[in-house]
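The file structure-v1.cif comes next; it holds mmCIF, C-alpha atoms and all ligand atoms.
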```cif
data_upload
#
loop_
_atom_site.label_atom_id
_atom_site.label_comp_id
_atom_site.auth_asym_id
_atom_site.auth_seq_id
_atom_site.Cartn_x
_atom_site.Cartn_y
_atom_site.Cartn_z
CA MET A 323 39.25 0.69 7.17
CA ALA A 324 35.87 -0.78 8.07
CA ASN A 325 33.34 -1.25 5.28
CA PRO A 326 30.47 1.24 5.16
CA SER A 327 27.55 -0.03 7.19
CA LEU A 328 23.97 -0.53 6.08
CA LEU A 329 20.96 -1.43 8.20
CA ILE A 330 18.20 -3.10 6.22
CA LEU A 331 14.68 -2.75 7.59
CA ALA A 332 12.57 -4.54 4.99
CA GLY A 333 9.29 -4.15 6.92
CA ASP A 334 5.92 -5.48 5.81
CA GLY A 335 3.96 -6.54 2.73
CA ILE A 336 6.01 -6.12 -0.44
CA GLY A 337 8.84 -4.51 1.59
CA PRO A 338 10.78 -7.79 2.01
CA GLU A 339 10.02 -8.78 -1.61
CA VAL A 340 11.51 -5.65 -3.15
CA MET A 341 14.38 -5.61 -0.63
CA THR A 342 15.42 -9.12 -1.71
CA GLU A 343 16.19 -7.63 -5.13
CA VAL A 344 18.21 -4.80 -3.59
CA LYS A 345 20.28 -7.35 -1.67
CA LYS A 346 21.22 -8.95 -5.00
CA ILE A 347 22.57 -5.58 -6.11
CA ILE A 348 24.43 -5.00 -2.85
CA ASP A 349 26.04 -8.44 -3.31
CA TRP A 350 26.87 -7.57 -6.92
CA PHE A 351 28.80 -4.49 -5.78
CA GLY A 352 30.75 -6.62 -3.30
CA THR A 353 31.72 -9.33 -5.76
CA LYS A 354 32.01 -7.37 -9.03
CA ARG A 355 33.11 -3.90 -7.96
CA GLY A 356 34.97 -4.61 -4.71
CA ILE A 357 32.59 -2.25 -2.90
CA ALA A 358 31.54 -4.22 0.15
CA PHE A 359 29.06 -3.14 2.79
CA ASP A 360 28.60 -4.45 6.32
CA VAL A 361 24.92 -5.29 6.19
CA SER A 362 22.74 -5.97 9.21
CA GLU A 363 19.00 -6.54 9.23
CA ASP A 364 16.25 -5.85 11.70
CA LEU A 365 12.51 -5.38 12.05
CA VAL A 366 10.32 -2.31 11.62
CA GLY A 367 6.57 -1.83 11.36
CA GLY A 368 4.00 -4.58 11.73
CA CYS A 369 6.58 -7.38 11.81
CA ALA A 370 8.36 -5.63 14.70
CA TYR A 371 5.02 -5.30 16.47
CA ASP A 372 4.37 -9.02 15.98
CA ALA A 373 7.78 -9.89 17.44
CA HIS A 374 8.15 -7.25 20.16
CA GLY A 375 4.81 -5.47 20.66
CA THR A 376 6.25 -2.23 19.26
CA PRO A 377 6.83 -1.08 15.66
CA LEU A 378 10.41 -0.08 16.49
CA THR A 379 12.44 -1.24 19.48
CA ASP A 380 14.94 1.04 21.20
CA ALA A 381 17.68 -1.39 20.15
CA THR A 382 16.73 -1.03 16.46
CA MET A 383 16.54 2.73 16.86
CA ALA A 384 20.07 2.73 18.32
CA LYS A 385 21.33 0.64 15.39
CA ALA A 386 19.75 3.03 12.90
CA LEU A 387 21.55 5.93 14.58
CA ALA A 388 24.87 4.08 14.46
CA VAL A 389 25.04 2.94 10.82
CA ASP A 390 26.09 4.94 7.76
CA ALA A 391 22.72 4.44 6.07
CA VAL A 392 19.38 2.72 6.60
CA LEU A 393 17.52 1.02 3.74
CA LEU A 394 13.81 0.61 4.41
CA GLY A 395 11.23 -1.37 2.42
CA ALA A 396 7.72 -0.45 3.53
CA VAL A 397 5.53 -0.70 6.61
CA GLY A 398 1.86 -1.25 7.32
CA GLY A 399 -1.02 -3.38 6.21
CA PRO A 400 -4.65 -4.21 6.99
CA LYS A 401 -3.66 -6.72 9.68
CA TYR A 402 -2.59 -3.75 11.81
CA ASP A 403 -5.48 -1.39 11.05
CA ASN A 404 -7.13 -1.79 14.44
CA LEU A 405 -4.02 -1.47 16.60
CA ASP A 406 -3.77 1.38 19.04
CA PHE A 407 -2.42 4.47 17.21
CA SER A 408 0.74 4.51 19.33
CA VAL A 409 1.90 1.11 18.07
CA LYS A 410 0.75 1.27 14.45
CA PRO A 411 3.46 0.20 11.96
CA GLU A 412 3.70 3.74 10.54
CA ARG A 413 4.73 5.05 13.98
CA GLY A 414 7.96 3.06 13.66
CA LEU A 415 8.87 4.84 10.44
CA LEU A 416 7.92 8.24 11.84
CA ARG A 417 10.08 7.62 14.92
CA LEU A 418 13.06 6.79 12.70
CA ARG A 419 12.58 9.99 10.71
CA LYS A 420 12.19 12.12 13.84
CA GLU A 421 14.99 10.67 15.98
CA MET A 422 17.44 10.53 13.07
CA ASP A 423 16.39 14.15 12.36
CA LEU A 424 15.91 13.41 8.66
CA TYR A 425 14.44 16.76 7.78
CA SER A 426 15.11 16.76 4.04
CA ASN A 427 13.29 14.13 1.99
CA LEU A 428 14.33 14.07 -1.66
CA ARG A 429 11.72 12.48 -3.90
CA PRO A 430 12.86 12.57 -7.51
CA ALA A 431 10.32 11.95 -10.24
CA GLN A 432 12.05 11.03 -13.42
CA CYS A 433 10.26 9.70 -16.48
CA PHE A 434 12.27 6.99 -18.20
CA ASP A 435 11.80 7.27 -21.95
CA ALA A 436 10.65 3.66 -22.20
CA LEU A 437 7.72 4.49 -19.90
CA ALA A 438 6.68 7.83 -21.40
CA ASP A 439 3.71 6.23 -23.15
CA PHE A 440 2.68 4.48 -19.99
CA SER A 441 2.00 7.57 -17.88
CA SER A 442 -1.63 8.57 -17.46
CA LEU A 443 -0.60 11.86 -19.11
CA LYS A 444 0.36 12.38 -22.76
CA ARG A 445 3.92 11.52 -23.84
CA GLU A 446 4.86 15.15 -24.63
CA ILE A 447 3.85 16.22 -21.11
CA VAL A 448 6.08 13.68 -19.31
CA ALA A 449 8.86 12.60 -21.71
CA GLY A 450 12.21 13.72 -20.30
CA LEU A 451 10.67 14.80 -17.00
CA ASP A 452 13.26 15.14 -14.24
CA ILE A 453 12.13 16.95 -11.10
CA VAL A 454 12.78 16.55 -7.39
CA ILE A 455 10.33 17.23 -4.60
CA VAL A 456 12.11 18.20 -1.39
CA ARG A 457 9.66 17.35 1.37
CA GLU A 458 10.19 18.61 4.93
CA LEU A 459 10.02 15.39 6.93
CA THR A 460 10.36 15.93 10.67
CA SER A 461 7.85 18.63 11.53
CA GLY A 462 4.58 20.20 10.41
CA ILE A 463 1.21 18.62 10.98
CA TYR A 464 2.72 15.12 11.29
CA PHE A 465 4.33 16.03 14.59
CA GLY A 466 2.74 19.29 15.84
CA GLU A 467 1.11 19.56 19.27
CA PRO A 468 -1.62 19.59 20.42
CA ARG A 469 -2.89 16.45 18.75
CA GLY A 470 -5.29 13.69 19.58
CA ILE A 471 -8.95 12.80 19.70
CA ILE A 472 -10.77 14.47 22.57
CA THR A 473 -14.39 14.75 23.65
CA GLU A 474 -16.03 18.14 23.69
CA GLY A 475 -19.60 18.22 24.98
CA ASN A 476 -21.14 15.14 23.48
CA GLU A 477 -18.97 14.75 20.42
CA ARG A 478 -15.44 13.67 19.55
CA VAL A 479 -12.95 16.13 18.09
CA GLY A 480 -9.85 15.12 16.09
CA ILE A 481 -6.94 17.53 16.42
CA ASN A 482 -3.65 17.95 14.58
CA THR A 483 -1.52 21.05 14.54
CA GLN A 484 0.54 22.49 11.71
CA ARG A 485 3.58 24.09 13.34
CA TYR A 486 6.84 25.23 11.77
CA THR A 487 9.68 27.17 13.34
CA GLU A 488 11.73 29.40 11.11
CA SER A 489 14.84 27.30 11.61
CA GLU A 490 12.95 24.20 10.44
CA ILE A 491 11.86 26.03 7.30
CA ALA A 492 15.29 27.56 6.71
CA ARG A 493 17.19 24.27 6.85
CA VAL A 494 14.97 22.46 4.36
CA ALA A 495 15.01 25.53 2.11
CA ARG A 496 18.82 25.45 2.14
CA SER A 497 18.82 21.84 1.20
CA ALA A 498 16.52 22.60 -1.77
CA PHE A 499 18.69 25.53 -2.93
CA GLU A 500 21.87 23.45 -2.64
CA LEU A 501 20.26 20.68 -4.69
CA ALA A 502 19.02 23.16 -7.31
CA ARG A 503 22.54 24.51 -7.76
CA ARG A 504 23.66 21.00 -8.76
CA ARG A 505 20.71 20.73 -11.19
CA ASN A 506 18.89 23.41 -13.22
CA ASN A 507 19.09 26.11 -10.56
CA LYS A 508 15.34 26.58 -10.07
CA VAL A 509 13.28 26.20 -6.88
CA CYS A 510 9.52 26.48 -6.57
CA SER A 511 8.28 26.65 -2.97
CA MET A 512 4.73 25.43 -2.32
CA GLU A 513 2.51 26.24 0.67
CA LYS A 514 -0.91 27.73 1.39
CA ALA A 515 0.14 31.22 2.43
CA ASN A 516 -3.32 32.40 1.38
CA VAL A 517 -5.03 30.53 4.23
CA MET A 518 -2.38 29.37 6.75
CA GLU A 519 -0.09 31.43 9.00
CA SER A 520 2.47 28.63 8.84
CA GLY A 521 2.33 29.09 5.05
CA ILE A 522 2.95 32.83 5.38
CA LEU A 523 6.02 32.16 7.52
CA TRP A 524 7.15 29.41 5.15
CA ARG A 525 7.07 31.81 2.19
CA GLN A 526 8.86 34.60 4.08
CA VAL A 527 11.65 32.38 5.39
CA VAL A 528 12.26 30.63 2.04
CA GLN A 529 12.50 34.08 0.41
CA GLU A 530 14.87 35.37 3.13
CA VAL A 531 17.19 32.36 2.85
CA HIS A 532 17.17 32.83 -0.90
CA ASP A 533 17.91 36.56 -0.84
CA LYS A 534 20.69 36.19 1.72
CA ASP A 535 22.56 33.10 0.49
CA TYR A 536 21.16 31.83 -2.83
CA PRO A 537 20.30 34.89 -4.97
CA ASP A 538 21.71 33.04 -8.01
CA VAL A 539 18.95 30.40 -7.80
CA GLU A 540 15.66 31.22 -9.56
CA LEU A 541 12.93 31.12 -6.89
CA SER A 542 9.17 31.11 -7.32
CA HIS A 543 6.28 30.55 -4.90
CA MET A 544 3.04 28.74 -5.59
CA TYR A 545 0.01 27.74 -3.55
CA ALA A 546 0.15 23.98 -3.11
CA ASP A 547 -3.26 23.35 -4.66
CA ALA A 548 -2.26 25.31 -7.77
CA GLY A 549 1.04 23.41 -7.64
CA ALA A 550 -0.83 20.11 -7.91
CA MET A 551 -2.65 21.48 -10.94
CA GLN A 552 0.60 22.71 -12.56
CA LEU A 553 2.27 19.36 -11.88
CA THR A 554 -0.31 17.65 -14.04
CA ARG A 555 -0.63 20.49 -16.60
CA TRP A 556 3.06 21.02 -17.41
CA PRO A 557 5.36 19.28 -14.92
CA LYS A 558 8.51 20.09 -16.90
CA GLN A 559 8.27 23.74 -15.77
CA PHE A 560 9.69 22.56 -12.42
CA ASP A 561 13.20 21.62 -11.33
CA VAL A 562 13.18 21.44 -7.52
CA ILE A 563 9.98 21.83 -5.50
CA VAL A 564 10.29 22.47 -1.77
CA THR A 565 7.26 21.97 0.42
CA ASP A 566 6.07 20.91 3.84
CA ASN A 567 5.54 17.44 5.24
CA LEU A 568 1.89 16.90 4.32
CA PHE A 569 1.85 18.69 0.96
CA GLY A 570 5.08 16.85 0.09
CA ASP A 571 3.47 13.52 0.90
CA MET A 572 0.57 14.17 -1.44
CA LEU A 573 2.44 15.92 -4.23
CA SER A 574 5.02 13.12 -4.40
CA ASP A 575 2.35 10.44 -4.91
CA LEU A 576 0.93 12.65 -7.64
CA ALA A 577 4.39 13.03 -9.21
CA ALA A 578 4.79 9.25 -9.08
CA MET A 579 2.05 8.78 -11.60
CA LEU A 580 3.79 11.16 -14.02
CA THR A 581 6.57 8.58 -14.21
CA GLY A 582 4.26 5.65 -14.82
CA SER A 583 3.92 3.93 -11.46
CA LEU A 584 4.34 4.40 -7.74
CA GLY A 585 6.62 1.38 -8.05
CA MET A 586 9.23 3.60 -9.77
CA LEU A 587 9.79 6.35 -7.20
CA PRO A 588 12.78 6.24 -4.84
CA SER A 589 13.53 8.60 -1.97
CA ALA A 590 16.35 9.75 0.26
CA SER A 591 15.70 11.16 3.70
CA LEU A 592 18.70 13.16 4.83
CA GLY A 593 19.69 14.87 8.07
CA ALA A 594 22.42 17.32 8.91
CA PRO A 595 25.98 16.22 8.12
CA ALA A 596 27.53 14.25 11.01
CA ALA A 597 31.13 14.56 12.22
CA ASN A 598 32.31 12.37 9.32
CA GLY A 599 30.76 14.82 6.86
CA ARG A 600 28.02 12.39 5.81
CA PRO A 601 24.40 13.10 6.58
CA LYS A 602 22.36 10.68 8.64
CA ALA A 603 20.30 8.98 6.00
CA LEU A 604 17.45 6.62 5.31
CA TYR A 605 16.52 5.45 1.82
CA GLU A 606 13.12 4.04 0.97
CA PRO A 607 10.74 3.76 -1.96
CA VAL A 608 7.87 6.27 -1.92
CA HIS A 609 5.33 3.45 -2.16
CA GLY A 610 3.87 1.49 0.74
CA SER A 611 3.47 -2.17 1.59
CA ALA A 612 0.91 -2.72 -1.24
CA PRO A 613 -1.22 -5.27 0.63
CA ASP A 614 -3.27 -5.90 -2.53
CA ILE A 615 -0.31 -7.54 -4.28
CA ALA A 616 1.87 -8.66 -1.35
CA GLY A 617 3.15 -12.23 -1.43
CA GLN A 618 2.40 -12.69 -5.13
CA GLY A 619 5.78 -11.83 -6.67
CA LYS A 620 4.16 -8.95 -8.57
CA ALA A 621 5.79 -5.94 -6.91
CA ASN A 622 8.01 -3.66 -8.93
CA PRO A 623 11.40 -3.54 -7.17
CA ILE A 624 12.70 -0.54 -9.16
CA ALA A 625 11.76 2.15 -6.61
CA CYS A 626 13.67 0.25 -3.93
CA ILE A 627 16.62 -0.40 -6.26
CA LEU A 628 16.77 3.29 -7.22
CA SER A 629 16.63 4.16 -3.51
CA PHE A 630 19.82 2.14 -3.06
CA ALA A 631 21.31 4.10 -5.98
CA MET A 632 20.49 7.28 -4.05
CA ALA A 633 22.34 5.79 -1.05
CA LEU A 634 25.41 5.24 -3.24
CA ARG A 635 25.24 8.87 -4.34
CA TYR A 636 24.32 10.70 -1.14
CA SER A 637 25.83 8.55 1.64
CA PHE A 638 28.86 7.00 -0.03
CA ASP A 639 29.94 9.56 -2.63
CA LEU A 640 29.67 6.93 -5.34
CA GLY A 641 27.82 9.01 -7.91
CA ASP A 642 29.26 7.05 -10.86
CA GLU A 643 28.13 3.76 -9.35
CA ALA A 644 24.69 5.26 -8.67
CA SER A 645 24.48 6.24 -12.34
CA ARG A 646 25.51 2.69 -13.26
CA VAL A 647 22.48 1.35 -11.35
CA GLU A 648 20.17 3.97 -12.88
CA GLN A 649 21.43 3.14 -16.37
CA ALA A 650 20.94 -0.58 -15.72
CA VAL A 651 17.31 0.12 -14.79
CA GLU A 652 16.91 2.26 -17.89
CA LYS A 653 18.31 -0.52 -20.08
CA VAL A 654 16.01 -3.16 -18.61
CA LEU A 655 12.99 -0.94 -19.25
CA ALA A 656 14.19 -0.11 -22.75
CA ASP A 657 14.49 -3.87 -23.37
CA GLY A 658 10.76 -4.04 -22.68
CA LEU A 659 10.72 -5.75 -19.29
CA ARG A 660 7.66 -4.75 -17.27
CA THR A 661 6.28 -5.74 -13.91
CA ALA A 662 2.48 -5.86 -13.69
CA ASP A 663 2.12 -2.24 -12.54
CA LEU A 664 3.77 -1.13 -15.81
CA MET A 665 1.38 -3.00 -18.08
CA GLY A 666 -0.66 -0.74 -20.34
CA PRO A 667 -4.20 -1.45 -21.53
CA GLU A 668 -2.69 -3.30 -24.50
CA GLY A 669 -1.54 -5.97 -22.04
CA GLY A 670 1.53 -8.20 -22.36
CA THR A 671 3.24 -10.63 -20.07
CA PRO A 672 4.52 -9.10 -16.87
CA VAL A 673 7.72 -10.31 -15.27
CA SER A 674 7.97 -11.17 -11.58
CA THR A 675 9.71 -9.13 -8.91
CA SER A 676 12.69 -11.46 -8.89
CA ALA A 677 12.96 -11.59 -12.70
CA MET A 678 13.09 -7.79 -12.73
CA GLY A 679 15.83 -7.80 -10.06
CA ASP A 680 17.81 -10.46 -11.96
CA ALA A 681 17.53 -8.43 -15.16
CA VAL A 682 18.94 -5.34 -13.42
CA VAL A 683 21.85 -7.46 -12.13
CA ALA A 684 22.44 -8.78 -15.66
CA ALA A 685 22.41 -5.21 -17.00
CA LEU A 686 24.96 -4.27 -14.32
CA ASP A 687 27.14 -7.17 -15.49
CA ALA A 688 26.84 -5.89 -19.03
CA SER A 689 27.99 -2.45 -17.88
CA LEU A 690 31.46 -3.74 -16.89
N1 LIG B 1 7.03 4.32 3.46
C1 LIG B 1 6.15 3.41 3.78
O1 LIG B 1 6.46 2.45 4.43
C2 LIG B 1 4.76 3.60 3.33
C3 LIG B 1 4.42 4.50 2.32
C4 LIG B 1 3.08 4.59 1.91
C5 LIG B 1 2.12 3.79 2.52
N2 LIG B 1 2.50 2.95 3.51
C6 LIG B 1 1.54 2.02 4.14
O2 LIG B 1 1.30 0.97 3.21
C7 LIG B 1 -0.02 0.48 3.41
C8 LIG B 1 -0.77 0.48 2.08
O3 LIG B 1 -0.97 1.83 1.67
P1 LIG B 1 -1.56 2.26 0.27
O4 LIG B 1 -2.30 1.10 -0.30
O5 LIG B 1 -2.23 3.54 0.44
O6 LIG B 1 -0.28 2.60 -0.63
P2 LIG B 1 0.69 1.62 -1.42
O7 LIG B 1 1.79 2.47 -1.95
O8 LIG B 1 1.08 0.49 -0.57
O9 LIG B 1 -0.18 1.06 -2.65
C9 LIG B 1 -0.93 1.91 -3.53
C10 LIG B 1 -1.15 1.16 -4.87
O10 LIG B 1 0.10 1.14 -5.58
C11 LIG B 1 0.47 -0.21 -5.85
N3 LIG B 1 1.92 -0.31 -5.63
C12 LIG B 1 2.63 0.28 -4.65
N4 LIG B 1 3.90 -0.07 -4.73
C13 LIG B 1 4.02 -0.89 -5.78
C14 LIG B 1 5.13 -1.59 -6.36
N5 LIG B 1 6.38 -1.49 -5.89
N6 LIG B 1 4.87 -2.37 -7.43
C15 LIG B 1 3.64 -2.47 -7.94
N7 LIG B 1 2.56 -1.84 -7.44
C16 LIG B 1 2.75 -1.05 -6.36
C17 LIG B 1 -0.29 -1.06 -4.86
O11 LIG B 1 -0.46 -2.38 -5.35
C18 LIG B 1 -1.58 -0.28 -4.68
O12 LIG B 1 -2.48 -0.61 -5.70
C19 LIG B 1 -0.63 1.37 4.48
O13 LIG B 1 -0.51 0.71 5.71
C20 LIG B 1 0.21 2.62 4.45
O14 LIG B 1 0.23 3.31 5.66
C21 LIG B 1 3.78 2.81 3.92
C1 LIG B 2 3.50 5.52 5.79
C2 LIG B 2 3.44 7.00 6.02
C3 LIG B 2 3.89 7.30 7.44
C4 LIG B 2 4.26 7.80 5.03
C5 LIG B 2 3.98 9.27 5.21
O1 LIG B 2 2.81 9.70 5.30
O2 LIG B 2 4.95 10.02 5.28
C6 LIG B 2 4.11 7.48 3.55
O3 LIG B 2 2.88 7.85 3.03
C7 LIG B 2 5.21 8.13 2.79
O4 LIG B 2 4.94 8.81 1.80
O5 LIG B 2 6.39 7.93 3.15
MG MG B 3 3.04 8.94 1.18
#
```
Encoded form (C-alpha cells):
Amino acid sequence: MANPSLLILAGDGIGPEVMTEVKKIIDWFGTKRGIAFDVSEDLVGGCAYDAHGTPLTDATMAKALAVDAVLLGAVGGPKYDNLDFSVKPERGLLRLRKEMDLYSNLRPAQCFDALADFSSLKREIVAGLDIVIVRELTSGIYFGEPRGIITEGNERVGINTQRYTESEIARVARSAFELARRRNNKVCSMEKANVMESGILWRQVVQEVHDKDYPDVELSHMYADAGAMQLTRWPKQFDVIVTDNLFGDMLSDLAAMLTGSLGMLPSASLGAPAANGRPKALYEPVHGSAPDIAGQGKANPIACILSFAMALRYSFDLGDEASRVEQAVEKVLADGLRTADLMGPEGGTPVSTSAMGDAVVAALDASL
C-alpha cells in the first residue's frame, strides 16, 4: 500500500524555519517508528507570488486536493503589503481553505503546566486549561458578497458582507458537538445575535442541531464580546467553543495568550470526510509569518510541531503517536527549554528554533 501523502507548503517568514523542525519529526517517524510519509513540497503565499506572480498556482491547488494532508507554515509579510489585493499572500491560504472546503477549524488552546506562570494571566486562571475553539472557516464575512471598495459620491466605501446559510452553520455545529462528545461534552456557541441577523440564525441553527441530534451535549450561547471577556476572566469554564470565521480568528489569538505564546497554538482545518473516510485536511500553526523575528532563528516551532501531531490524530488515525509528540513537547518545556517568545521578565537564555526542534526529537527518542 502507498504511504500516506503530505504536501508541505512552508510559505513565508518564519514558515520555512518552523517547518524545518517539523520535517525532522516526520523523518523521525520514518526511521524510528516505520511510519513513512510521501512528502512533496511547493510554494504558497509571497514566495509563490515571487516565483509565479500568484500566491497559489492551479497546479499547487490540484496537489493540495490530491494529498492526504497539507502542512502549512505561514504566509505574508511587509514585502507584499502593497500588492494588489487579489494576489496578496493571504489570498493563497484563503483559496486553499475555500477550495478544499475546510469548514471546521479546530484551534486547541492548552496550557502546558511548565508555562502556567508565563501566561499574562495568573497561574490559577490558566493552569490545566484545555479548550478548543471550532472556527467556521469557509464562509462568513471573509467570503460574503458583495465586497470591495467602491466610490459613492465623492468618497470611497469599503464593503464586506457577513453571510451564513443554515447548512454552513449546521455542519460546523455538528463538528463541534462531535468533538465535545470525545471531550467534556460541553459546547458554547458565540455570535452577536443581539445585533446581527446572521447571529440570530447562527443561534437558532446551533440550537436546532443540538436538540435534534446532540441533546446529550451541554449547550450554551454567549455574545462573542462577552465571550472574549469570559475567556480572560475564567477560561476553564469552556470545553468547546463554536463560532464564526471572524470571531474565531480573533478569539483564537486571544486564547493563544492564555497558553503563553502565539508560538504554541496549532490548528487543524478539516472538511467533510472523503470517499476513504478521511476528511480533507490542512494543518497550520495559528501564528503568522512573524516578520519581526524572521530569519533570526528565534521562532518557536512548537505550534507547527503540534499541528503535525494533529495531522497524525485527525488524518492518519495515529492518536497514540500524536500523544507521543505532545508528550515530547511537554517534556522539553518541563526541562526548562524556552524559545525567546517564552522568556519571562526574569530573563534567561533562549534556545534557537533548531535547538528546540532537536530537543523534541531527542524527547521522542527517549519515549521509545
Ligand atoms: N496562517 C497564516 O499564514 C497567518 C496567520 C496570521 C498572520 N499571517 C500573516 O503574517 C504576517 C504577520 O502578521 P502578524 O504580525 O499580525 O502576526 P504574527 O502571528 O506573524 O506575529 C504576531 C507576534 O507574535 C510573534 N510570533 C508569532 N509566531 C511566533 C512564533 N512561532 N515564535 C515566536 N514568536 C512568534 C511575532 O514575532 C509577532 O511579534 C501578516 O502578513 C499576516 O497576514 C499569516
Ligand atoms: C492570514 C489570515 C488569512 C488568517 C485569517 O485571518 O484567517 C490568519 O489570521 C489566521 O488566523 O489563520
Ligand atoms: Mg488569525
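Counting all atoms listed in the file, segment 645-662 of chain A has the following residues at most 8 Å away, ignoring those fewer than 4 positions along the same chain: Phe434, Asp435, Ala436, Leu437, Lys620, Ala621, Asn622, Ile624, Ile627, Leu628, Ala631, Gly641, Thr671, Pro672, Val673, Ser674, Thr675, Met678, Ala681, Val682, Val683, Ala685, Leu686 and Ser689 of chain A.
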Would you be able to write out as a list in words which residues have an atom within 6 Å of (17.9, -6.3, 10.1) in the file's coordinates, counting all atoms listed in the file?
->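 Looking at atoms near the point gives Ile330, Leu331, Ser362, Glu363, Asp364 and Leu365 of chain A.
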Got a sec: who's within 7 Å of segment 517-533 of chain A, counting all atoms listed in the file, leaving out chain neighbours fewer than 6 positions off, as a list in words?
->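 Neighbouring residues, sequence-local ones excluded: Arg485, Tyr486, Glu488, Ile491, Ala492 and Ala495 of chain A.
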Selection: 8 Å around Val409 of chain A, only C-alpha atoms, excl. self and same-chain fewer than 2 positions, as a list of chain:residue names =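 Those residues are A:Tyr371, A:Gly375, A:Thr376, A:Pro377, A:Leu405, A:Asp406, A:Phe407, A:Pro411, A:Arg413, A:Gly414.
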Could you check which of A:Met544, A:Met551, A:Ala684, A:Ile563 is closest to Asn427 of chain A, using only C-alpha atoms?
->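 Under the stated criterion, the closest residue is A:Ile563.
Taking atom O3 of ligand LIG 1 (chain B) and atom CA of Gly337 of chain A as endpoints, the distance between them is 11.7 Å.
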Kindly indicate which residue among A:Thr581, A:Asp334, A:Trp350, A:Asp390 lies nearest to Val366 of chain A, using all atoms listed in the file for the distances.
->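 Closest to Val366 of chain A, using all atoms listed in the file: A:Asp334.
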Which residue gives the smallest distance to ligand MG 3 (chain B) among A:Ser589, A:Asn476, A:Asn506, A:Ser676, with all atoms listed in the file counted?
->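 Selected residue with least distance to ligand MG 3 (chain B): A:Ser589.
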May I ask which of the residues A:Ala449, A:Ile481, A:Leu592, A:Ile348 is the closest one to Val494 of chain A, counting only C-alpha atoms?
->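 Ranked by minimum distance to Val494 of chain A, first place goes to A:Leu592.
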Tell me, in Å to one decimal, how far atom N4 of ligand LIG 1 (chain B) is from atom CA of Val608 of chain A.
->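 Between these atoms lies a distance of 8.0 Å.
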From the list A:Ile615, A:Tyr636, A:Lys558, A:Phe630, the nearest residue to Gly599 of chain A using only C-alpha atoms is A:Tyr636
Residues up to 7 Å from ligand MG 3 (chain B), counting only C-alpha atoms and all ligand atoms: could you list those as JSON, numbers by chain?
-> {"A": [571, 572, 575, 608, 609]}
Enter the distance from atom CA of Ile347 of chain A to atom O3 of ligand LIG 2 (chain B), in Å, rounded to one decimal.
-> 25.5 Å
Within-12 Å shell of (-1.2, 5.8, -16.4) in input frame, all atoms listed in the file, as an MDAnalysis selection string = chainID A and resid 437:445 448 576:584 663:667
Shortest interatomic distance to ligand LIG 1 (chain B) - which of A:Val456, A:Leu690, A:Cys369, A:Cys626, counting all atoms listed in the file = A:Cys626
